[in-house]
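**Q** Structure supplied as input_14.pdb; contents: PDB, C-alpha atoms and all ligand atoms.
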ATOM      1  CA  MET A  24     -37.526 -63.857-144.068  1.00  0.00           C
ATOM      2  CA  ARG A  25     -35.929 -67.220-144.640  1.00  0.00           C
ATOM      3  CA  LEU A  26     -33.352 -66.563-141.989  1.00  0.00           C
ATOM      4  CA  LYS A  27     -36.053 -65.663-139.536  1.00  0.00           C
ATOM      5  CA  ASN A  28     -37.854 -68.927-140.225  1.00  0.00           C
ATOM      6  CA  LYS A  29     -34.697 -70.874-139.631  1.00  0.00           C
ATOM      7  CA  PHE A  30     -34.239 -69.050-136.377  1.00  0.00           C
ATOM      8  CA  GLN A  31     -37.821 -69.709-135.393  1.00  0.00           C
ATOM      9  CA  SER A  32     -37.641 -73.416-136.138  1.00  0.00           C
ATOM     10  CA  ARG A  33     -34.453 -73.677-134.147  1.00  0.00           C
ATOM     11  CA  LEU A  34     -36.125 -71.865-131.307  1.00  0.00           C
ATOM     12  CA  LEU A  35     -39.068 -74.245-131.529  1.00  0.00           C
ATOM     13  CA  ARG A  36     -36.734 -77.233-131.440  1.00  0.00           C
ATOM     14  CA  TYR A  37     -35.033 -75.886-128.335  1.00  0.00           C
ATOM     15  CA  TYR A  38     -38.400 -75.301-126.819  1.00  0.00           C
ATOM     16  CA  PHE A  39     -39.576 -78.863-127.395  1.00  0.00           C
ATOM     17  CA  SER A  40     -36.368 -80.528-126.286  1.00  0.00           C
ATOM     18  CA  GLY A  41     -36.515 -78.362-123.183  1.00  0.00           C
ATOM     19  CA  LEU A  42     -40.068 -79.468-122.591  1.00  0.00           C
ATOM     20  CA  LEU A  43     -39.101 -83.119-123.052  1.00  0.00           C
ATOM     21  CA  LEU A  44     -36.223 -82.737-120.609  1.00  0.00           C
ATOM     22  CA  PHE A  45     -38.549 -81.123-118.120  1.00  0.00           C
ATOM     23  CA  PHE A  46     -40.984 -84.052-118.297  1.00  0.00           C
ATOM     24  CA  LEU A  47     -38.194 -86.613-117.976  1.00  0.00           C
ATOM     25  CA  LEU A  48     -36.845 -84.817-114.928  1.00  0.00           C
ATOM     26  CA  ALA A  49     -40.330 -84.476-113.467  1.00  0.00           C
ATOM     27  CA  CYS A  50     -40.943 -88.217-113.885  1.00  0.00           C
ATOM     28  CA  GLY A  51     -37.620 -89.056-112.299  1.00  0.00           C
ATOM     29  CA  ALA A  52     -38.230 -86.709-109.421  1.00  0.00           C
ATOM     30  CA  ASN A  53     -41.708 -88.082-108.934  1.00  0.00           C
ATOM     31  CA  ASN A  54     -40.291 -91.586-108.732  1.00  0.00           C
ATOM     32  CA  ALA A  55     -37.790 -90.484-106.132  1.00  0.00           C
ATOM     33  CA  VAL A  56     -40.188 -88.674-103.844  1.00  0.00           C
ATOM     34  CA  THR A  57     -42.492 -91.637-103.250  1.00  0.00           C
ATOM     35  CA  MET A  58     -40.296 -94.182-101.459  1.00  0.00           C
ATOM     36  CA  GLU A  59     -36.761 -93.560-100.399  1.00  0.00           C
ATOM     37  CA  ILE A  60     -34.477 -96.400 -99.293  1.00  0.00           C
ATOM     38  CA  GLN A  61     -31.552 -95.534 -97.073  1.00  0.00           C
ATOM     39  CA  ASP A  62     -28.666 -97.565 -95.684  1.00  0.00           C
ATOM     40  CA  PRO A  63     -29.513-100.945 -97.254  1.00  0.00           C
ATOM     41  CA  TRP A  64     -27.199-103.588 -95.824  1.00  0.00           C
ATOM     42  CA  ILE A  65     -26.803-107.295 -95.209  1.00  0.00           C
ATOM     43  CA  ARG A  66     -25.106-108.832 -92.224  1.00  0.00           C
ATOM     44  CA  THR A  67     -21.922-110.633 -93.214  1.00  0.00           C
ATOM     45  CA  PRO A  68     -22.740-114.327 -92.774  1.00  0.00           C
ATOM     46  CA  PRO A  69     -20.525-116.831 -90.973  1.00  0.00           C
ATOM     47  CA  PRO A  70     -18.718-119.153 -93.459  1.00  0.00           C
ATOM     48  CA  SER A  71     -21.290-121.957 -93.512  1.00  0.00           C
ATOM     49  CA  ALA A  72     -24.442-119.820 -93.261  1.00  0.00           C
ATOM     50  CA  GLN A  73     -27.373-120.619 -95.523  1.00  0.00           C
ATOM     51  CA  ALA A  74     -29.516-117.621 -94.697  1.00  0.00           C
ATOM     52  CA  LEU A  75     -28.863-113.904 -94.717  1.00  0.00           C
ATOM     53  CA  ALA A  76     -30.784-110.964 -93.292  1.00  0.00           C
ATOM     54  CA  GLY A  77     -31.184-107.627 -95.073  1.00  0.00           C
ATOM     55  CA  PHE A  78     -31.876-104.333 -93.329  1.00  0.00           C
ATOM     56  CA  MET A  79     -32.656-100.775 -94.430  1.00  0.00           C
ATOM     57  CA  LEU A  80     -34.553 -97.615 -93.678  1.00  0.00           C
ATOM     58  CA  LEU A  81     -37.724 -97.041 -95.710  1.00  0.00           C
ATOM     59  CA  LYS A  82     -38.920 -93.447 -95.990  1.00  0.00           C
ATOM     60  CA  ASN A  83     -42.320 -92.749 -97.441  1.00  0.00           C
ATOM     61  CA  ASN A  84     -42.202 -89.196 -98.753  1.00  0.00           C
ATOM     62  CA  SER A  85     -45.674 -89.307-100.246  1.00  0.00           C
ATOM     63  CA  ASP A  86     -48.934 -88.376 -98.567  1.00  0.00           C
ATOM     64  CA  LYS A  87     -50.386 -91.875 -98.938  1.00  0.00           C
ATOM     65  CA  PRO A  88     -49.452 -95.100 -97.136  1.00  0.00           C
ATOM     66  CA  ILE A  89     -47.212 -97.360 -99.213  1.00  0.00           C
ATOM     67  CA  THR A  90     -46.944-101.096 -98.602  1.00  0.00           C
ATOM     68  CA  LEU A  91     -43.925-103.256 -99.232  1.00  0.00           C
ATOM     69  CA  ILE A  92     -45.320-106.501-100.618  1.00  0.00           C
ATOM     70  CA  GLN A  93     -42.327-108.436-101.872  1.00  0.00           C
ATOM     71  CA  ALA A  94     -38.555-108.628-102.082  1.00  0.00           C
ATOM     72  CA  LYS A  95     -36.808-110.438-104.928  1.00  0.00           C
ATOM     73  CA  ALA A  96     -33.180-111.475-105.303  1.00  0.00           C
ATOM     74  CA  GLU A  97     -31.316-113.883-107.519  1.00  0.00           C
ATOM     75  CA  GLY A  98     -28.983-116.534-106.124  1.00  0.00           C
ATOM     76  CA  PHE A  99     -31.300-117.657-103.343  1.00  0.00           C
ATOM     77  CA  GLN A 100     -33.908-120.381-103.044  1.00  0.00           C
ATOM     78  CA  LYS A 101     -36.343-118.130-101.224  1.00  0.00           C
ATOM     79  CA  VAL A 102     -36.664-114.469-100.314  1.00  0.00           C
ATOM     80  CA  ILE A 103     -39.202-113.651 -97.613  1.00  0.00           C
ATOM     81  CA  LEU A 104     -40.254-110.590 -95.649  1.00  0.00           C
ATOM     82  CA  HIS A 105     -39.717-111.563 -92.030  1.00  0.00           C
ATOM     83  CA  GLN A 106     -40.366-110.230 -88.596  1.00  0.00           C
ATOM     84  CA  SER A 107     -38.509-111.237 -85.446  1.00  0.00           C
ATOM     85  CA  ILE A 108     -40.660-111.634 -82.393  1.00  0.00           C
ATOM     86  CA  ASN A 109     -39.627-111.936 -78.788  1.00  0.00           C
ATOM     87  CA  GLU A 110     -42.226-113.887 -76.853  1.00  0.00           C
ATOM     88  CA  LYS A 111     -41.589-114.614 -73.203  1.00  0.00           C
ATOM     89  CA  GLY A 112     -37.874-114.447 -73.815  1.00  0.00           C
ATOM     90  CA  MET A 113     -38.086-116.750 -76.824  1.00  0.00           C
ATOM     91  CA  HIS A 114     -36.919-115.460 -80.182  1.00  0.00           C
ATOM     92  CA  ARG A 115     -38.699-116.559 -83.279  1.00  0.00           C
ATOM     93  CA  MET A 116     -39.271-115.278 -86.798  1.00  0.00           C
ATOM     94  CA  GLU A 117     -42.357-115.278 -88.880  1.00  0.00           C
ATOM     95  CA  PRO A 118     -43.168-114.261 -92.446  1.00  0.00           C
ATOM     96  CA  VAL A 119     -45.129-111.062 -93.003  1.00  0.00           C
ATOM     97  CA  GLU A 120     -47.304-110.541 -96.057  1.00  0.00           C
ATOM     98  CA  ASN A 121     -46.963-106.812 -96.199  1.00  0.00           C
ATOM     99  CA  ILE A 122     -45.272-103.998 -94.381  1.00  0.00           C
ATOM    100  CA  ILE A 123     -47.046-100.642 -94.378  1.00  0.00           C
ATOM    101  CA  ILE A 124     -45.092 -97.413 -94.259  1.00  0.00           C
ATOM    102  CA  PRO A 125     -47.409 -94.552 -93.216  1.00  0.00           C
ATOM    103  CA  PRO A 126     -47.605 -91.281 -95.182  1.00  0.00           C
ATOM    104  CA  LYS A 127     -44.576 -89.079 -94.497  1.00  0.00           C
ATOM    105  CA  GLY A 128     -43.405 -91.835 -92.186  1.00  0.00           C
ATOM    106  CA  GLU A 129     -40.414 -94.091 -91.981  1.00  0.00           C
ATOM    107  CA  LEU A 130     -39.681 -97.632 -90.895  1.00  0.00           C
ATOM    108  CA  ARG A 131     -36.321 -99.073 -90.014  1.00  0.00           C
ATOM    109  CA  PHE A 132     -35.637-102.737 -90.625  1.00  0.00           C
ATOM    110  CA  HIS A 133     -33.268-103.882 -87.925  1.00  0.00           C
ATOM    111  CA  HIS A 134     -32.068-106.824 -85.901  1.00  0.00           C
ATOM    112  CA  GLY A 135     -34.939-108.118 -83.764  1.00  0.00           C
ATOM    113  CA  SER A 136     -37.591-106.599 -86.036  1.00  0.00           C
ATOM    114  CA  TYR A 137     -38.405-106.501 -89.739  1.00  0.00           C
ATOM    115  CA  HIS A 138     -35.821-107.888 -92.137  1.00  0.00           C
ATOM    116  CA  ILE A 139     -35.534-109.406 -95.565  1.00  0.00           C
ATOM    117  CA  MET A 140     -34.778-113.085 -95.120  1.00  0.00           C
ATOM    118  CA  LEU A 141     -32.640-114.489 -97.898  1.00  0.00           C
ATOM    119  CA  MET A 142     -32.644-118.280 -97.708  1.00  0.00           C
ATOM    120  CA  GLY A 143     -30.692-120.959 -99.498  1.00  0.00           C
ATOM    121  CA  LEU A 144     -27.603-119.007-100.393  1.00  0.00           C
ATOM    122  CA  GLN A 145     -26.205-120.394-103.645  1.00  0.00           C
ATOM    123  CA  LYS A 146     -22.898-118.558-103.809  1.00  0.00           C
ATOM    124  CA  LYS A 147     -20.242-117.280-101.495  1.00  0.00           C
ATOM    125  CA  ILE A 148     -20.524-113.725-100.289  1.00  0.00           C
ATOM    126  CA  GLN A 149     -18.282-111.657 -98.064  1.00  0.00           C
ATOM    127  CA  SER A 150     -17.949-108.222 -96.512  1.00  0.00           C
ATOM    128  CA  GLY A 151     -17.670-105.513 -99.112  1.00  0.00           C
ATOM    129  CA  ASP A 152     -19.865-107.305-101.670  1.00  0.00           C
ATOM    130  CA  SER A 153     -23.055-105.692-102.737  1.00  0.00           C
ATOM    131  CA  LEU A 154     -26.196-107.624-103.463  1.00  0.00           C
ATOM    132  CA  PRO A 155     -29.030-106.399-105.679  1.00  0.00           C
ATOM    133  CA  ILE A 156     -32.506-106.837-104.204  1.00  0.00           C
ATOM    134  CA  THR A 157     -35.704-105.662-105.862  1.00  0.00           C
ATOM    135  CA  LEU A 158     -38.334-104.214-103.550  1.00  0.00           C
ATOM    136  CA  VAL A 159     -41.913-104.345-104.797  1.00  0.00           C
ATOM    137  CA  PHE A 160     -44.484-101.872-103.490  1.00  0.00           C
ATOM    138  CA  ASP A 161     -48.261-101.919-103.765  1.00  0.00           C
ATOM    139  CA  ASN A 162     -48.269 -98.660-105.725  1.00  0.00           C
ATOM    140  CA  GLY A 163     -46.614-100.540-108.576  1.00  0.00           C
ATOM    141  CA  GLN A 164     -43.214 -99.143-107.806  1.00  0.00           C
ATOM    142  CA  GLU A 165     -40.319-101.615-108.035  1.00  0.00           C
ATOM    143  CA  LYS A 166     -36.947-100.523-106.815  1.00  0.00           C
ATOM    144  CA  LEU A 167     -33.695-102.293-107.428  1.00  0.00           C
ATOM    145  CA  VAL A 168     -31.543-101.593-104.411  1.00  0.00           C
ATOM    146  CA  SER A 169     -27.915-102.476-103.843  1.00  0.00           C
ATOM    147  CA  PHE A 170     -27.416-103.973-100.377  1.00  0.00           C
ATOM    148  CA  MET A 171     -23.945-103.655 -98.912  1.00  0.00           C
ATOM    149  CA  VAL A 172     -22.582-106.744 -97.147  1.00  0.00           C
ATOM    150  CA  LYS A 173     -20.973-105.682 -93.876  1.00  0.00           C
ATOM    151  CA  THR A 174     -20.480-106.438 -90.217  1.00  0.00           C
ATOM    152  CA  PRO A 175     -22.375-104.010 -87.994  1.00  0.00           C
ATOM    153  CA  ASP A 176     -20.211-101.662 -85.897  1.00  0.00           C
TER     154      ASP A 176
HETATM  155 CU    CU A 201     -35.848-114.127 -90.663  1.00  0.00          CU
END
Translate the structure of the given file into structure tokens.
**A**
Amino acid sequence: MRLKNKFQSRLLRYYFSGLLLFFLLACGANNAVTMEIQDPWIRTPPPSAQALAGFMLLKNNSDKPITLIQAKAEGFQKVILHQSINEKGMHRMEPVENIIIPPKGELRFHHGSYHIMLMGLQKKIQSGDSLPITLVFDNGQEKLVSFMVKTPD
């Protein structure tokens, strides 16, 4: 009888730790399916550059629109969401308050379009470095992403 109880309590313990593991995995998976960030990179700056541009592919795997509202990075004076615009052959950039990624949709940040503008570089960076940038979304999700510094092919 005593042995059986011991067995039962062990079984119960396995059951609960299994349950806990399941919930942890479910939470993690849930976090991953909302917004996926692929190929985050920063263009290698020329030696005296003060500003850098960050690019990536945002994939919204959820069935609701998700809005990127902010990017944060240390080691810069300012980090802004930017858009490049070509108007009558003139290139200019302007800040954007938010960037909406439609449900089950994707948006590529690239040269001549959306980018993360990192201004007032306070340290030296070079190809092969990686730079942590936190992306803040309107659904409360914050993602710390490692941006690879490289020269585009
Ligand atoms: Cu810019």
**Q** On this structure, the PyMOL selection byres (((chain A and resi 141) around 7) and not hetatm) would catch which residues? List them as an mmCIF file with C-alpha atoms, in the coordinates of the input, sorted by chain and number.
**A**
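result02.cif written:
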data_model
loop_
_atom_site.group_PDB
_atom_site.id
_atom_site.type_symbol
_atom_site.label_atom_id
_atom_site.label_comp_id
_atom_site.auth_asym_id
_atom_site.auth_seq_id
_atom_site.Cartn_x
_atom_site.Cartn_y
_atom_site.Cartn_z
ATOM 1 C CA ALA A 74 -29.516 -117.621 -94.697
ATOM 2 C CA LEU A 75 -28.863 -113.904 -94.717
ATOM 3 C CA ALA A 76 -30.784 -110.964 -93.292
ATOM 4 C CA PHE A 99 -31.300 -117.657 -103.343
ATOM 5 C CA LYS A 101 -36.343 -118.130 -101.224
ATOM 6 C CA VAL A 102 -36.664 -114.469 -100.314
ATOM 7 C CA ILE A 103 -39.202 -113.651 -97.613
ATOM 8 C CA ILE A 139 -35.534 -109.406 -95.565
ATOM 9 C CA MET A 140 -34.778 -113.085 -95.120
ATOM 10 C CA MET A 142 -32.644 -118.280 -97.708
ATOM 11 C CA GLY A 143 -30.692 -120.959 -99.498
#
**Q** When you look at Gln149 in chain A with a cut-off of 12 Å (counting only C-alpha atoms), what residues show up, excluding the ones that are within fewer than 2 positions of it in the same chain? I need them as an MDAnalysis selection string.
**A** chainID A and resid 65:72 75 146:147 151:154 171:174
**Q** For the PyMOL selection byres (((chain A and resi 95) around 9) and not hetatm), applied here, can you spell out every residue it catches as a ChimeraX atom specification?
**A** /A:93-94,96-97,101-103,155-159
**Q** Specify as an MDAnalysis selection string each residue included when the PyMOL selection byres (((chain A and resi 63) around 6) and not hetatm) is applied to this file.
**A** chainID A and resid 61:62 64 78:79 170
**Q** Can you work out which one of A:Ile60, A:Leu167, A:Leu91, A:Leu34 has the shortest atom-to-atom distance to Ile124 in chain A, counting only C-alpha atoms?
**A** A:Leu91
**Q** For Arg115 in chain A, please output as a compact mmCIF listing (two decimals) with C-alpha atoms, in the coordinates of the input all residues within 12 Å (counting all atoms listed in the file; exclusion window: fewer than 6 positions along the same chain).
**A**
# COMPACT_ATOMS: atom_id res chain seq x y z
CA HIS A 105 -39.72 -111.56 -92.03
CA GLN A 106 -40.37 -110.23 -88.60
CA SER A 107 -38.51 -111.24 -85.45
CA ILE A 108 -40.66 -111.63 -82.39
CA ASN A 109 -39.63 -111.94 -78.79
CA GLY A 135 -34.94 -108.12 -83.76
CA SER A 136 -37.59 -106.60 -86.04
CA TYR A 137 -38.40 -106.50 -89.74
**Q** Using all atoms listed in the file, can you tell me which of A:Leu35, A:Met58, A:Met116, A:Ile92 comes closest to ligand CU 201 (chain A)?
**A**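 Looking only at the distances to ligand CU 201 (chain A), the closest residue turns out to be A:Met116.
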**Q** Using atom CU of ligand CU 201 (chain A) and CA of Ile89 in chain A as the two end points, give the distance in Å to one decimal.
**A**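 Calculated distance between atom CU of ligand CU 201 (chain A) and CA of Ile89 in chain A is 22.0 Å.
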**Q** Find, counting only C-alpha atoms, the residue in A:Ile148, A:Gly98, A:His133, A:Asn162 that gets nearest to Leu80 in chain A.
**A**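 Of A:Ile148, A:Gly98, A:His133, A:Asn162, the one nearest Leu80 in chain A, counting only C-alpha atoms, is A:His133.
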**Q** Quick one: of A:Gln73, A:Gln164, A:Ser150, A:Asn84, who's nearest to ligand CU 201 (chain A), counting only C-alpha atoms and all ligand atoms?
**A** A:Gln73
**Q** Grab the CA of Ile123 in chain A to CA of Leu144 in chain A distance for me, in Å with one decimal place.
**A**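 CA of Leu144 in chain A lies 27.4 Å from CA of Ile123 in chain A.
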